[in-house]
>>> print(open('run08.txt').read())   # compact mmCIF, C-alpha atoms
# COMPACT_ATOMS: atom_id res chain seq x y z
CA MET A 1 10.32 21.52 17.43
CA ARG A 2 9.07 22.39 20.89
CA ARG A 3 5.81 20.96 22.23
CA SER A 4 4.14 24.40 22.30
CA ALA A 5 4.99 24.84 18.60
CA ARG A 6 3.96 21.30 17.67
CA LEU A 7 0.39 21.54 19.04
CA PRO A 8 -0.87 24.33 16.71
CA VAL A 9 0.59 22.48 13.72
CA PHE A 10 -1.27 19.35 14.81
CA PHE A 11 -4.57 21.20 15.20
CA VAL A 12 -4.28 22.82 11.75
CA ALA A 13 -3.54 19.42 10.16
CA ALA A 14 -6.28 17.64 12.12
CA GLY A 15 -8.81 20.37 11.24
CA GLY A 16 -7.95 20.14 7.54
CA PHE A 17 -8.19 16.36 7.61
CA ALA A 18 -11.54 16.43 9.42
CA ALA A 19 -13.01 18.92 6.91
CA LEU A 20 -11.87 16.87 3.89
CA PHE A 21 -12.99 13.60 5.51
CA LEU A 22 -16.48 14.92 6.28
CA ALA A 23 -16.79 16.35 2.77
CA GLY A 24 -15.81 12.94 1.39
CA LEU A 25 -18.34 11.15 3.60
CA ARG A 26 -21.13 13.40 2.29
CA GLY A 27 -20.54 12.04 -1.20
CA LEU A 28 -21.01 8.39 -0.17
CA PRO A 29 -24.25 6.57 -1.02
CA PRO A 30 -26.50 6.10 2.05
CA PHE A 31 -25.83 3.12 4.36
CA GLN A 32 -27.03 -0.18 2.83
CA GLN A 33 -27.97 1.49 -0.49
CA TYR A 34 -26.14 -0.26 -3.35
CA ARG A 35 -25.86 1.75 -6.56
CA GLY A 36 -23.58 0.01 -9.05
CA PRO A 37 -24.92 -2.36 -11.68
CA TYR A 38 -22.22 -5.06 -11.35
CA GLY A 39 -23.58 -6.71 -8.21
CA TYR A 40 -27.00 -7.17 -9.79
CA VAL A 41 -25.50 -8.52 -13.02
CA LEU A 42 -23.34 -11.04 -11.13
CA ASN A 43 -26.26 -12.13 -8.94
CA ALA A 44 -28.32 -12.72 -12.07
CA ILE A 45 -25.75 -14.70 -14.11
CA SER A 46 -23.82 -16.60 -11.42
CA VAL A 47 -26.27 -19.50 -11.04
CA PRO A 48 -27.51 -19.94 -14.65
CA GLN A 49 -24.06 -19.48 -16.27
CA ARG A 50 -21.75 -21.16 -13.74
CA GLY A 51 -23.92 -23.20 -11.37
CA ILE A 52 -22.36 -21.38 -8.42
CA THR A 53 -24.59 -20.26 -5.56
CA ASP A 54 -21.87 -18.46 -3.55
CA VAL A 55 -21.42 -15.44 -5.84
CA VAL A 56 -18.28 -14.33 -3.98
CA SER A 57 -16.52 -17.54 -5.05
CA ALA A 58 -17.77 -17.11 -8.62
CA VAL A 59 -16.29 -13.60 -8.72
CA ASN A 60 -13.01 -14.55 -7.03
CA PHE A 61 -12.12 -17.67 -8.97
CA ASP A 62 -13.94 -17.20 -12.27
CA PHE A 63 -15.09 -13.71 -13.30
CA ARG A 64 -11.91 -12.07 -11.95
CA GLY A 65 -9.80 -15.20 -11.51
CA PHE A 66 -6.62 -13.53 -12.74
CA ASP A 67 -6.74 -10.90 -9.96
CA THR A 68 -7.12 -13.62 -7.35
CA LEU A 69 -4.09 -15.41 -8.80
CA GLY A 70 -2.10 -12.24 -8.05
CA GLU A 71 -3.60 -12.02 -4.56
CA GLU A 72 -2.66 -15.61 -3.81
CA TYR A 73 0.91 -14.93 -4.91
CA ILE A 74 1.08 -12.00 -2.49
CA LEU A 75 0.69 -14.54 0.32
CA PHE A 76 3.09 -16.94 -1.42
CA THR A 77 5.75 -14.23 -1.77
CA SER A 78 5.43 -13.02 1.82
CA VAL A 79 5.78 -16.57 3.15
CA ILE A 80 8.93 -17.01 1.02
CA GLY A 81 10.19 -13.68 2.40
CA VAL A 82 9.74 -14.79 6.03
CA VAL A 83 11.35 -18.17 5.35
CA ALA A 84 14.30 -16.49 3.60
CA LEU A 85 14.79 -13.97 6.41
CA LEU A 86 14.69 -16.50 9.22
CA ARG A 87 16.55 -19.32 7.45
CA ARG A 88 19.61 -20.87 9.00
CA LEU A 89 22.69 -20.17 6.89
CA ALA A 90 25.35 -22.81 6.34
CA GLY A 91 27.75 -22.70 9.27
CA GLU A 92 25.52 -20.41 11.29
CA THR A 93 25.24 -21.51 14.87
CA ARG A 94 22.74 -20.17 17.32
CA PRO A 95 23.16 -20.01 21.07
CA ALA A 96 21.19 -22.65 22.90
CA GLN A 97 17.72 -21.23 23.36
CA GLU A 98 15.88 -21.41 26.61
CA GLN A 99 12.48 -22.98 26.19
CA THR A 100 10.45 -20.30 27.94
CA ALA A 101 10.25 -16.54 28.01
CA PRO A 102 12.75 -15.07 30.46
CA GLY A 103 11.54 -14.95 34.01
CA ARG A 104 8.88 -17.59 33.58
CA PRO A 105 8.98 -21.19 34.74
CA GLU A 106 8.47 -23.93 32.16
CA VAL A 107 4.91 -25.22 32.50
CA GLU A 108 3.87 -28.77 31.71
CA THR A 109 0.85 -28.95 29.38
CA SER A 110 -2.10 -29.91 31.53
CA ASP A 111 -4.12 -33.04 30.76
CA ALA A 112 -7.27 -30.95 30.26
CA THR A 113 -5.54 -28.89 27.54
CA ARG A 114 -4.13 -32.02 25.90
CA VAL A 115 -7.48 -33.83 25.73
CA PHE A 116 -9.38 -30.77 24.56
CA THR A 117 -6.96 -29.73 21.81
CA LEU A 118 -6.30 -33.27 20.53
CA THR A 119 -10.07 -33.88 20.33
CA LEU A 120 -10.40 -30.70 18.27
CA VAL A 121 -7.72 -31.73 15.73
CA GLY A 122 -9.98 -34.12 13.81
CA MET A 123 -12.99 -31.80 13.88
CA VAL A 124 -11.00 -28.77 12.75
CA THR A 125 -9.42 -30.75 9.88
CA LEU A 126 -12.81 -32.01 8.74
CA PHE A 127 -14.35 -28.53 9.00
CA GLY A 128 -11.46 -27.05 7.00
CA LEU A 129 -11.87 -29.66 4.25
CA TYR A 130 -15.61 -28.96 4.21
CA ILE A 131 -15.08 -25.20 3.86
CA VAL A 132 -12.49 -25.72 1.06
CA SER A 133 -14.69 -28.11 -0.93
CA HIS A 134 -17.98 -26.20 -0.56
CA GLY A 135 -16.79 -22.73 -1.61
CA GLN A 136 -18.99 -22.82 -4.72
CA ILE A 137 -22.13 -23.65 -2.69
CA SER A 138 -21.90 -21.71 0.58
CA PRO A 139 -19.64 -19.02 2.07
CA GLY A 140 -16.06 -20.22 2.30
CA GLY A 141 -13.56 -21.58 -0.19
CA GLY A 142 -9.85 -22.18 -0.55
CA PHE A 143 -8.55 -19.23 1.42
CA GLN A 144 -10.91 -19.52 4.40
CA GLY A 145 -10.69 -23.32 4.53
CA GLY A 146 -6.90 -23.21 4.11
CA THR A 147 -6.44 -21.01 7.16
CA ILE A 148 -8.76 -23.28 9.17
CA LEU A 149 -6.78 -26.37 8.03
CA ALA A 150 -3.55 -24.69 9.12
CA THR A 151 -4.82 -24.37 12.70
CA SER A 152 -5.05 -28.14 13.19
CA PRO A 153 -1.25 -28.70 13.34
CA LEU A 154 -1.23 -25.73 15.72
CA MET A 155 -3.66 -27.68 17.96
CA VAL A 156 -1.16 -30.55 18.04
CA TYR A 157 1.54 -28.06 19.06
CA LEU A 158 -0.66 -26.54 21.77
CA ALA A 159 -1.34 -30.04 23.11
CA GLY A 160 2.39 -30.24 23.87
CA ASP A 161 2.98 -33.05 21.38
CA PHE A 162 6.01 -31.38 19.81
CA GLU A 163 7.38 -34.51 18.19
CA SER A 164 4.13 -35.12 16.25
CA PHE A 165 3.91 -31.44 15.33
CA ARG A 166 7.42 -31.56 13.90
CA ARG A 167 6.52 -34.64 11.85
CA ILE A 168 3.24 -33.17 10.51
CA ALA A 169 4.74 -29.77 9.79
CA SER A 170 8.13 -30.94 8.54
CA THR A 171 9.27 -28.55 5.83
CA ARG A 172 10.09 -31.49 3.55
CA LEU A 173 6.33 -32.15 3.38
CA VAL A 174 4.99 -28.59 3.62
CA GLU A 175 7.27 -26.82 1.13
CA PRO A 176 6.32 -29.03 -1.87
CA ALA A 177 2.64 -28.73 -0.83
CA GLU A 178 2.97 -24.96 -0.84
CA ALA A 179 4.63 -24.96 -4.25
CA LEU A 180 2.13 -27.46 -5.68
CA GLY A 181 -0.80 -25.37 -4.46
CA ALA A 182 0.60 -22.17 -5.94
CA ALA A 183 1.51 -23.82 -9.24
CA GLY A 184 -1.84 -25.64 -9.47
CA TYR A 185 -3.78 -22.40 -9.85
CA ALA A 186 -1.58 -21.22 -12.71
CA PHE A 187 -1.66 -24.68 -14.36
CA ILE A 188 -5.49 -24.68 -14.37
CA GLY A 189 -5.32 -21.35 -16.19
CA LEU A 190 -2.73 -22.70 -18.64
CA ALA A 191 -4.83 -25.84 -19.23
CA ALA A 192 -7.63 -23.56 -20.49
CA MET A 193 -5.13 -21.95 -22.88
CA ALA A 194 -3.93 -25.37 -24.08
CA LEU A 195 -7.54 -26.17 -24.99
CA GLY A 196 -7.77 -22.96 -27.03
CA PHE A 197 -9.61 -20.72 -24.53
CA ALA A 198 -8.53 -17.60 -22.64
CA PHE A 199 -6.30 -17.90 -19.54
CA LEU A 200 -8.35 -19.26 -16.58
CA TYR A 201 -11.45 -19.75 -18.77
CA ASN A 202 -13.94 -22.04 -16.99
CA PHE A 203 -13.60 -24.94 -19.48
CA ILE A 204 -15.12 -27.77 -17.41
CA PRO A 205 -18.74 -28.58 -18.36
CA GLN A 206 -21.19 -27.15 -15.83
CA VAL A 207 -23.02 -29.39 -13.38
CA GLY A 208 -26.17 -27.93 -11.81
CA PRO A 209 -25.76 -25.85 -8.63
CA GLY A 210 -25.49 -27.43 -5.21
CA THR A 211 -22.92 -30.23 -5.67
CA VAL A 212 -19.27 -30.53 -4.71
CA ILE A 213 -18.25 -30.73 -8.39
CA SER A 214 -20.46 -27.88 -9.64
CA GLY A 215 -18.78 -24.65 -10.65
CA GLY A 216 -16.31 -26.26 -13.06
CA THR A 217 -12.78 -24.98 -12.54
CA VAL A 218 -13.85 -23.00 -9.44
CA ALA A 219 -13.98 -26.16 -7.30
CA LEU A 220 -10.54 -27.22 -8.61
CA ILE A 221 -8.99 -23.78 -8.00
CA ASP A 222 -10.49 -23.76 -4.48
CA ALA A 223 -8.67 -27.03 -3.78
CA THR A 224 -5.28 -25.68 -4.99
CA VAL A 225 -5.75 -22.41 -3.06
CA GLY A 226 -6.69 -24.39 0.05
CA LEU A 227 -3.49 -26.42 -0.25
CA GLU A 228 -1.35 -23.32 -0.83
CA VAL A 229 -2.83 -21.28 2.02
CA ALA A 230 -2.78 -24.16 4.54
CA ALA A 231 0.83 -25.05 3.65
CA GLY A 232 1.85 -21.38 3.66
CA PHE A 233 0.49 -20.74 7.15
CA VAL A 234 2.00 -23.98 8.52
CA LEU A 235 5.34 -23.01 6.96
CA LEU A 236 5.14 -19.61 8.67
CA LEU A 237 4.41 -21.32 11.99
CA THR A 238 7.25 -23.83 11.71
CA THR A 239 9.68 -21.11 10.66
CA PHE A 240 8.81 -19.06 13.73
CA LEU A 241 8.63 -22.04 16.07
CA GLU A 242 11.72 -23.87 14.82
CA GLU A 243 14.11 -22.19 17.23
CA PHE A 244 11.84 -22.88 20.16
CA LEU A 245 11.32 -26.45 19.05
CA SER A 246 14.91 -27.39 18.29
CA GLY A 247 15.83 -28.13 21.89
CA ARG A 248 12.45 -29.38 22.98
CA GLY A 249 12.00 -33.09 23.54
CA SER A 250 8.90 -35.20 23.05
CA ARG A 251 6.89 -36.69 25.86
CA MET B 1 -30.73 -5.44 12.42
CA LEU B 2 -29.74 -1.79 12.22
CA PHE B 3 -29.52 -1.71 16.03
CA MET B 4 -27.19 -4.77 16.02
CA GLN B 5 -24.99 -3.15 13.39
CA GLY B 6 -24.81 0.08 15.37
CA LEU B 7 -23.95 -1.86 18.54
CA ILE B 8 -21.18 -3.89 16.91
CA LEU B 9 -19.79 -0.80 15.13
CA THR B 10 -19.53 0.94 18.52
CA MET B 11 -17.82 -2.12 20.02
CA VAL B 12 -15.34 -2.26 17.12
CA ALA B 13 -14.54 1.42 17.65
CA GLY B 14 -14.04 0.80 21.38
CA ALA B 15 -11.86 -2.28 20.84
CA GLY B 16 -9.78 -0.43 18.21
CA ALA B 17 -9.15 2.38 20.67
CA ALA B 18 -8.30 -0.20 23.35
CA VAL B 19 -5.66 -1.74 21.07
CA VAL B 20 -4.08 1.68 20.49
CA PHE B 21 -4.13 2.72 24.15
CA THR B 22 -2.75 -0.58 25.52
CA ARG B 23 0.94 0.06 26.09
CA ASP B 24 2.20 -3.41 27.03
CA PRO B 25 2.79 -5.37 23.77
CA LEU B 26 1.81 -8.66 25.44
CA LYS B 27 -1.60 -7.31 26.50
CA GLN B 28 -1.87 -5.57 23.12
CA ALA B 29 -1.63 -8.94 21.34
CA LEU B 30 -4.62 -10.17 23.36
CA ALA B 31 -6.52 -6.93 22.73
CA ILE B 32 -5.98 -7.21 18.97
CA SER B 33 -7.30 -10.78 19.10
CA LEU B 34 -10.54 -9.55 20.70
CA TYR B 35 -10.67 -6.76 18.12
CA GLY B 36 -10.31 -9.37 15.34
CA ILE B 37 -13.25 -11.38 16.68
CA LEU B 38 -15.42 -8.24 16.89
CA LEU B 39 -14.45 -7.30 13.32
CA SER B 40 -15.48 -10.75 12.07
CA LEU B 41 -18.86 -10.29 13.82
CA LEU B 42 -19.24 -6.90 12.10
CA PHE B 43 -18.48 -8.45 8.69
CA PHE B 44 -21.02 -11.18 9.38
CA LEU B 45 -23.73 -8.67 10.33
CA LEU B 46 -22.97 -6.66 7.17
CA GLN B 47 -23.70 -9.87 5.19
CA ALA B 48 -20.12 -10.72 4.21
CA PRO B 49 -19.75 -14.24 5.68
CA ASP B 50 -16.85 -15.06 3.32
CA VAL B 51 -14.73 -12.23 4.68
CA SER B 52 -15.90 -12.99 8.20
CA LEU B 53 -14.60 -16.58 7.99
CA SER B 54 -11.09 -15.53 7.02
CA GLN B 55 -11.13 -12.67 9.54
CA ILE B 56 -11.78 -15.10 12.43
CA VAL B 57 -8.69 -17.20 11.70
CA VAL B 58 -6.34 -14.48 10.47
CA GLY B 59 -7.37 -11.66 12.79
CA ALA B 60 -8.14 -13.57 15.97
CA VAL B 61 -5.54 -16.38 15.80
CA ALA B 62 -2.76 -15.93 13.23
CA LEU B 63 -1.93 -12.24 13.75
CA PRO B 64 -1.83 -12.32 17.60
CA LEU B 65 0.20 -15.55 17.42
CA MET B 66 2.82 -13.96 15.13
CA ILE B 67 2.99 -10.94 17.46
CA LEU B 68 3.43 -13.19 20.52
CA LEU B 69 6.20 -15.19 18.82
CA ALA B 70 7.95 -11.96 17.79
CA ILE B 71 7.72 -10.61 21.37
CA VAL B 72 9.33 -13.79 22.77
CA LYS B 73 12.14 -13.51 20.21
CA VAL B 74 12.78 -9.80 20.85
CA ARG B 75 12.80 -10.24 24.64
CA LYS B 76 15.20 -13.17 24.43
CA ASP B 77 17.61 -11.16 22.27
CA ALA B 78 17.44 -8.21 24.69
CA GLU B 79 18.07 -10.55 27.63
CA GLU B 80 21.10 -12.06 25.92
CA ARG B 81 22.59 -8.66 25.09
CA ARG B 82 22.14 -7.52 28.68
CA ARG B 83 23.87 -10.66 29.97
CA LYS B 84 26.77 -10.22 27.54
CA GLU B 85 27.26 -6.59 28.55
CA ALA B 86 27.20 -7.54 32.21
CA THR B 87 29.94 -10.16 31.77
CA GLU B 88 32.08 -7.73 29.73
CA ARG B 89 31.82 -5.10 32.44
CA GLY B 90 32.72 -7.70 35.05
CA ARG B 91 35.99 -8.48 33.33
>>> encode(input="run08.txt", output="structure tokens")
Amino acid sequence: MRRSARLPVFFVAAGGFAALFLAGLRGLPPFQQYRGPYGYVLNAISVPQRGITDVVSAVNFDFRGFDTLGEEYILFTSVIGVVALLRRLAGETRPAQEQTAPGRPEVETSDATRVFTLTLVGMVTLFGLYIVSHGQISPGGGFQGGTILATSPLMVYLAGDFESFRRIASTRLVEPAEALGAAGYAFIGLAAMALGFAFLYNFIPQVGPGTVISGGTVALIDATVGLEVAAGFVLLLTTFLEEFLSGRGSR
Amino acid sequence: MLFMQGLILTMVAGAGAAVVFTRDPLKQALAISLYGILLSLLFFLLQAPDVSLSQIVVGAVALPLMILLAIVKVRKDAEERRRKEATERGR
């Protein structure tokens, strides 16, 4: 189709879309006006029934725990997909990779970068563990904390300490962690069934709000999700970085 | 509060447009990182700190990093193909 013919078609389509979009927007509730009853119900029952002050965690890992199991396995499946696509087949040889992008000189990691990133490793790990373990008290939880935990091996990589990064993120360590995290969630659900409750029923006796062990199974599920997400992201990183790392020596 | 939300919404719209109109993939990866940080600020101001926390790491670090790694890989492959073609023509 010629450009002169394409333009009118675009304007007709854009006009139709704009009209429908504006009509749809008119039906929305006003900004910051919440209508549905579910939010109020959850706000009212989350603390007295579950001892969880972060209602988002209560919803994600308890009231609709089964949906979140599916969501977690979306990440699990996509990580497996990337690993399967980029895996090295038996007998497959790759040409020796250059260490830098074409046309760029290889740059030594500066001392300032090394000191700064290596100092951050401990803090980031601690912060990630804090976010994972306090999901039932304050914003955060397994997914958020897991992604934060996954950035600490990345700090080691950025510091230019490739040998240590390879040891921390070796797939022999990360792959079982990933599998254990993913299986842990399902096993907590099955444990409830073994005790005669529904799948993922919160069967652990409630401790009052505000402690690391309050929330019953929610704290446990947060830990497994944190493990799965952290291991999944690290596995993605190592899979992508493996080719660049293979020829790179330590310092 | 409403003023802050309006301001950050405008910045998100601007950064989103900037990502679309940046043509160089390398610069685009940096633009999308800035866009991710602005989005996490928006989520925070709309009182969704849980979403904001994951948005910071995924949107501002993980996604741009994956894009950068993919760019390096694609450019290397293109370079190799060009070199191979050049040697075949030379023969």
>>> residues_around(input="run08.txt", residues="range 4-9 of chain B", least_positions_apart="5", cutoff="12 Å", atoms="all atoms listed in the file", output="ChimeraX atom specification")
/A:31-32 /B:14-16,35,37-47
>>> interface_residues(input="run08.txt", of="chain B", to="chain A", cutoff="9 Å", atoms="all atoms listed in the file", output="PyMOL selection string")
chain B and resi 46+48-51+53-55+57-58+61-62+65-66+69-70+72-73+75-76+79
>>> atom_distance(input="run08.txt", atom1="CA of Phe21 in chain A", atom2="CA of Gly59 in chain B")
26.9 Å
>>> closest_residue(input="run08.txt", among="A:Leu235, A:Leu195, A:Leu25, A:Ala182", to="Asp222 in chain A", atoms="only C-alpha atoms")
A:Ala182
>>> atom_distance(input="run08.txt", atom1="CA of Gly36 in chain B", atom2="CA of Phe21 in chain B")
16.2 Å
>>> closest_residue(input="run08.txt", among="A:Leu22, A:Val132, A:Val115, A:Val79", to="Thr238 in chain A", atoms="all atoms listed in the file")
A:Val79
>>> residues_around(input="run08.txt", residues="Ser133 in chain A", least_positions_apart="4", cutoff="10 Å", atoms="only C-alpha atoms", output="list in words")
Phe127, Gly128, Leu129, Ile137, Ser138, Gly140, Gly141, Gly142, Gly145, Thr211, Val212, Ile213, Val218, Ala219, Leu220, Asp222, Ala223 and Gly226 of chain A
>>> atom_distance(input="run08.txt", atom1="CA of Val83 in chain A", atom2="CA of Thr239 in chain A")
6.3 Å
>>> residues_around(input="run08.txt", residues="Thr224 in chain A", least_positions_apart="6", cutoff="7 Å", atoms="all atoms listed in the file", output="list in words")
Gly181, Ala182, Gly184 and Tyr185 of chain A
>>> axis_aligned_box(input="run08.txt", around="range 217-225 of chain A", padding_each_side="8 Å", output="AutoDock Vina command-line options")
--center_x -9.6 --center_y -24.8 --center_z -7.8 --size_x 24.7 --size_y 20.8 --size_z 25.5
>>> closest_residue(input="run08.txt", among="A:Gly122, A:His134, A:Glu108, A:Ala179", to="Pro153 in chain A", atoms="all atoms listed in the file")
A:Gly122
>>> closest_residue(input="run08.txt", among="A:Arg167, A:Arg64, A:Arg2, A:Arg114", to="Tyr201 in chain A", atoms="all atoms listed in the file")
A:Arg64
>>> residues_near_point(input="run08.txt", point="(-13.9, -24.0, -20.1)", cutoff="10 Å", atoms="all atoms listed in the file", output="short mmCIF file (atom, residue, chain, number, x, y, z; two decimals) with C-alpha atoms, in the coordinates of the input")
data_model
loop_
_atom_site.label_atom_id
_atom_site.label_comp_id
_atom_site.auth_asym_id
_atom_site.auth_seq_id
_atom_site.Cartn_x
_atom_site.Cartn_y
_atom_site.Cartn_z
CA GLY A 189 -5.32 -21.35 -16.19
CA ALA A 191 -4.83 -25.84 -19.23
CA ALA A 192 -7.63 -23.56 -20.49
CA MET A 193 -5.13 -21.95 -22.88
CA LEU A 195 -7.54 -26.17 -24.99
CA GLY A 196 -7.77 -22.96 -27.03
CA PHE A 197 -9.61 -20.72 -24.53
CA ALA A 198 -8.53 -17.60 -22.64
CA PHE A 199 -6.30 -17.90 -19.54
CA LEU A 200 -8.35 -19.26 -16.58
CA TYR A 201 -11.45 -19.75 -18.77
CA ASN A 202 -13.94 -22.04 -16.99
CA PHE A 203 -13.60 -24.94 -19.48
CA ILE A 204 -15.12 -27.77 -17.41
CA PRO A 205 -18.74 -28.58 -18.36
CA GLN A 206 -21.19 -27.15 -15.83
CA GLY A 216 -16.31 -26.26 -13.06
CA THR A 217 -12.78 -24.98 -12.54
#
>>> decode(input="run08.txt", residues="range 153-161 of chain A", atoms="all heavy atoms", output="compact mmCIF listing (two decimals), in the first residue's frame")
# COMPACT_ATOMS: atom_id res chain seq x y z
N PRO A 153 25.33 -11.04 43.78
CA PRO A 153 26.36 -11.64 42.93
C PRO A 153 26.72 -10.75 41.74
O PRO A 153 27.88 -10.72 41.31
CB PRO A 153 25.71 -12.94 42.43
CG PRO A 153 24.62 -13.23 43.37
CD PRO A 153 24.16 -11.92 43.90
N LEU A 154 25.72 -9.99 41.25
CA LEU A 154 25.98 -9.07 40.15
C LEU A 154 27.00 -8.01 40.56
O LEU A 154 27.85 -7.61 39.76
CB LEU A 154 24.66 -8.42 39.72
CG LEU A 154 24.71 -7.50 38.51
CD1 LEU A 154 25.10 -8.27 37.27
CD2 LEU A 154 23.37 -6.82 38.30
N MET A 155 26.92 -7.56 41.83
CA MET A 155 27.90 -6.60 42.36
C MET A 155 29.30 -7.19 42.28
O MET A 155 30.25 -6.50 41.93
CB MET A 155 27.59 -6.26 43.82
CG MET A 155 26.26 -5.59 44.01
SD MET A 155 26.40 -3.85 43.67
CE MET A 155 24.72 -3.35 44.01
N VAL A 156 29.41 -8.48 42.66
CA VAL A 156 30.72 -9.14 42.61
C VAL A 156 31.23 -9.15 41.17
O VAL A 156 32.41 -8.88 40.90
CB VAL A 156 30.63 -10.58 43.16
CG1 VAL A 156 31.96 -11.28 43.04
CG2 VAL A 156 30.17 -10.56 44.61
N TYR A 157 30.32 -9.40 40.23
CA TYR A 157 30.71 -9.41 38.82
C TYR A 157 31.17 -8.02 38.38
O TYR A 157 32.19 -7.88 37.71
CB TYR A 157 29.53 -9.88 37.96
CG TYR A 157 29.78 -9.76 36.49
CD1 TYR A 157 30.59 -10.68 35.83
CD2 TYR A 157 29.23 -8.72 35.75
CE1 TYR A 157 30.84 -10.56 34.48
CE2 TYR A 157 29.47 -8.60 34.40
CZ TYR A 157 30.28 -9.52 33.78
OH TYR A 157 30.53 -9.40 32.44
N LEU A 158 30.39 -7.00 38.78
CA LEU A 158 30.73 -5.63 38.38
C LEU A 158 32.07 -5.20 38.97
O LEU A 158 32.77 -4.37 38.40
CB LEU A 158 29.63 -4.65 38.82
CG LEU A 158 28.32 -4.74 38.05
CD1 LEU A 158 27.32 -3.75 38.60
CD2 LEU A 158 28.55 -4.47 36.57
N ALA A 159 32.41 -5.77 40.14
CA ALA A 159 33.69 -5.43 40.77
C ALA A 159 34.86 -6.04 40.00
O ALA A 159 36.01 -5.80 40.34
CB ALA A 159 33.71 -5.89 42.21
N GLY A 160 34.58 -6.85 38.99
CA GLY A 160 35.64 -7.44 38.18
C GLY A 160 36.21 -8.70 38.78
O GLY A 160 37.21 -9.22 38.30
N ASP A 161 35.55 -9.22 39.85
CA ASP A 161 36.05 -10.43 40.48
C ASP A 161 35.35 -11.64 39.86
O ASP A 161 34.46 -12.25 40.44
CB ASP A 161 35.76 -10.37 41.99
CG ASP A 161 36.68 -11.29 42.77
OD1 ASP A 161 37.33 -12.14 42.13
OD2 ASP A 161 36.75 -11.15 44.00
